[in-house]
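K.L.:
So that we are looking at the same thing, I have put the structure below in structure tokens.
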Amino acid sequence: MQIITRLVDGQICAYDLASPSRGVLTPSAVFVPRPGDDVIEHAASVDLGWVVYTTLNAVVCVTSSGDERWRAAFEPFSDERHGHRPGCVLSLDGRTVWIYRPDAMAGRDLLDQWVVLDAESGVVMAQSDLETSGHGGQQYLHPTDEHVLLDIGEGQDGSIIYRATVVDGQLAPVRYPWVDRVLIDLAPDGQQFMTVDHGQADVAFHGYPAGEVTAALRAEDFGHDPDEVFLEWSGGYLDLEVAVVTLVGEDEDGEEWFRHYRINVPAGRVEAELVSNAEHAYDLQLPGDGTWLTTDPSGHPVRWSA
């Protein structure tokens, strides 16, 4: 099963992508956050028995019946309401919850932290300080080797990428040697990953784990003027060999536009535009199985295929 979640009308909806359904998806389970909790990020267990989510000051686990299993507070309490978004992701085996804490921006007088919790109890299993002052971070599960990759956005200062796994109770993040690349996606087989330049000049594909560049494309490779058209920080892998890259620009009337393009990754070649039916440049989620998701006006995902 491949479970994704969306926050719809204040409820966390979970969808099973193993189903062949196309069009607007119906949630397989719906979870109700605890009263007073403003949900930021969320992830559901494969059996759909429970969900974890972050707020500005805690990570919480609730059951499908709405009962709170556990709550792990971020201490000290932060009264900063903006500029920091704690993130969570559930490991593939469902045993651990990985938390990115942007504690510096939360005003906690701490370094940012990466924390691994026991999914059953919420107890800390491992944690590490990070050399960042991020606003938020995206975590990506490697499909085969138990590593998690973390991209931390530091606003105008750039973007930092780490990878880590828990070994003997220790979390020792490895930092990639860039401050100017944004991690967009991991390939479905985990053999490579995709980044976009923080200044939006190019998209690159990297071997995993070392990060060596195997292919790179700029706006002119898509037939656009690089002074007027830029690579957006969105897209990902449609399948093992095809990636989707997003370009943005303005027309003669000053109206912004975006286009999604298919890339033959092994050949490093632009194939054709992908008519995604997305509402905006970031309204695109790629499970890696040849389909893609956009968002219905109701808030539920819409599944498409070529």
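Quick note on naming: the chains in the structure tokens go A, B, ... in the order shown, residues restart at 1 in each chain, and ligands are numbered from 1 in order of appearance.
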Name the residues of range 6-64 of chain A that come out as strand (DSSP E or B) in a backbone DSSP run; write them as a list in words.
P.N.:
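Matching residues, listed in order: Arg6, Leu7, Val8, Gln11, Ile12, Cys13, Ala14, Tyr15, Asp16, Gly23, Val24, Ala29, Val30, Phe31, His42, Ala43, Ala44, Trp50, Val51, Val52, Tyr53, Thr54, Ala58, Val59, Val60, Cys61, Val62 and Thr63 of chain A.
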K.L.:
Can you tell me which residues surround range 250-253 of chain A at a distance of at most 12 Å, considering only C-alpha atoms, apart from same-chain residues fewer than 5 positions away, and format the answer as a ChimeraX atom specification?
P.N.:
/A:224-225,227-230,258-259
K.L.:
To one decimal place in Å, what is the distance between CA of Phe193 in chain A and CA of Gly211 in chain A?
P.N.:
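It comes out at 7.9 Å.
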K.L.:
For Thr195 in chain A, which residue among A:Asp289, A:Asp109, A:Glu212, A:Asp67 is the nearest when counting only C-alpha atoms?
P.N.:
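Closest residue, counting only C-alpha atoms: A:Glu212.
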K.L.:
What's around Trp178 in chain A at 10 Å? Count only C-alpha atoms, leave out sequence neighbours fewer than 3 positions away in its own chain, and write the answer as a list of chain:residue names.
P.N.:
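My reading of the contact set: A:Gly158, A:Ser159, A:Ile160, A:Ile161, A:Arg175, A:Arg181, A:Val182, A:Asp197.
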K.L.:
Keeping N, CA and C atoms for every residue in the selection just given, could you write it to a file as a PDB file, in the first residue's frame?
P.N.:
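Output (result39.pdb):
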ATOM      1  N   GLY A 158      19.463  30.109   1.094  1.00  0.00           N
ATOM      2  CA  GLY A 158      19.621  28.904   0.297  1.00  0.00           C
ATOM      3  C   GLY A 158      18.913  27.697   0.874  1.00  0.00           C
ATOM      4  N   SER A 159      19.432  26.522   0.516  1.00  0.00           N
ATOM      5  CA  SER A 159      18.794  25.264   0.880  1.00  0.00           C
ATOM      6  C   SER A 159      19.872  24.236   1.207  1.00  0.00           C
ATOM      7  N   ILE A 160      19.683  23.500   2.296  1.00  0.00           N
ATOM      8  CA  ILE A 160      20.647  22.516   2.770  1.00  0.00           C
ATOM      9  C   ILE A 160      20.024  21.127   2.672  1.00  0.00           C
ATOM     10  N   ILE A 161      20.797  20.139   2.197  1.00  0.00           N
ATOM     11  CA  ILE A 161      20.291  18.779   2.040  1.00  0.00           C
ATOM     12  C   ILE A 161      21.127  17.832   2.898  1.00  0.00           C
ATOM     13  N   ARG A 175      25.803  15.739   5.377  1.00  0.00           N
ATOM     14  CA  ARG A 175      25.379  16.928   4.653  1.00  0.00           C
ATOM     15  C   ARG A 175      25.980  16.944   3.253  1.00  0.00           C
ATOM     16  N   ARG A 181      21.095  24.251  -3.823  1.00  0.00           N
ATOM     17  CA  ARG A 181      20.267  23.305  -4.566  1.00  0.00           C
ATOM     18  C   ARG A 181      19.110  22.853  -3.688  1.00  0.00           C
ATOM     19  N   VAL A 182      17.916  22.779  -4.290  1.00  0.00           N
ATOM     20  CA  VAL A 182      16.697  22.372  -3.586  1.00  0.00           C
ATOM     21  C   VAL A 182      16.354  20.942  -4.008  1.00  0.00           C
ATOM     22  N   ASP A 197      18.295  24.346  -8.888  1.00  0.00           N
ATOM     23  CA  ASP A 197      19.121  25.437  -8.385  1.00  0.00           C
ATOM     24  C   ASP A 197      18.275  26.416  -7.584  1.00  0.00           C
TER      25      ASP A 197
END
K.L.:
List the neighbours of Gly49 in chain A out to 8 Å using only C-alpha atoms; skip same-chain residues closer than 5 positions along the sequence, and give me the result as a CSV table (one decimal) with C-alpha atoms, in the first residue's frame.
P.N.:
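Output contents, as saved in around_36.csv:
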chain,number,residue,atom,x,y,z
A,44,ALA,CA,-1.0,8.0,8.2
A,63,THR,CA,-6.4,7.0,16.2
A,64,SER,CA,-9.1,6.6,13.6
K.L.:
By how many Å are CA of Gly94 in chain A and CA of Leu238 in chain A apart?
P.N.:
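These two atoms are separated by 24.7 Å.
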K.L.:
Residues at most 7 Å from Leu240 in chain A, counting only C-alpha atoms, excluding those fewer than 3 positions away in the same chain, as a PyMOL selection string?
P.N.:
chain A and resi 187-189+237
K.L.:
Go ahead and compute the interatomic distance for CA of His42 in chain A and CA of Met105 in chain A, in Å to one decimal.
P.N.:
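One can read the CA of His42 in chain A to CA of Met105 in chain A distance as 20.6 Å.
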K.L.:
List the neighbours of range 24-37 of chain A out to 6 Å using only C-alpha atoms; skip same-chain residues closer than 3 positions along the sequence, and give me the result as a PyMOL selection string.
P.N.:
chain A and resi 11-15+64+66+301-302
K.L.:
Which of these, A:His142, A:His260, A:His300, A:Arg269, has the shortest distance to Pro209 in chain A once you count only C-alpha atoms?
P.N.:
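Using only C-alpha atoms, Pro209 in chain A sits closest to A:His142.
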K.L.:
Would you list the contacts of Ala106 in chain A as a list in words, taking every protein, DNA or RNA residue within 6 Å and counting only C-alpha atoms, but skipping same-chain residues closer than 6 positions in sequence?
P.N.:
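Once the adjacent positions are removed, what remains is Ser78, Glu80 and His84 of chain A.
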K.L.:
Closest to Gly136 in chain A among A:Ile40, A:Ile263, A:Val46, A:Ala210, using only C-alpha atoms?
P.N.:
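Going through A:Ile40, A:Ile263, A:Val46, A:Ala210 one by one, the smallest distance to Gly136 in chain A is for A:Ile40.
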K.L.:
With DSSP run on the backbone, what are the helix (DSSP H, G or I) residues within range 162-250 of chain A? I'd like them as a VMD selection string.
P.N.:
chain A and resid 219 to 222
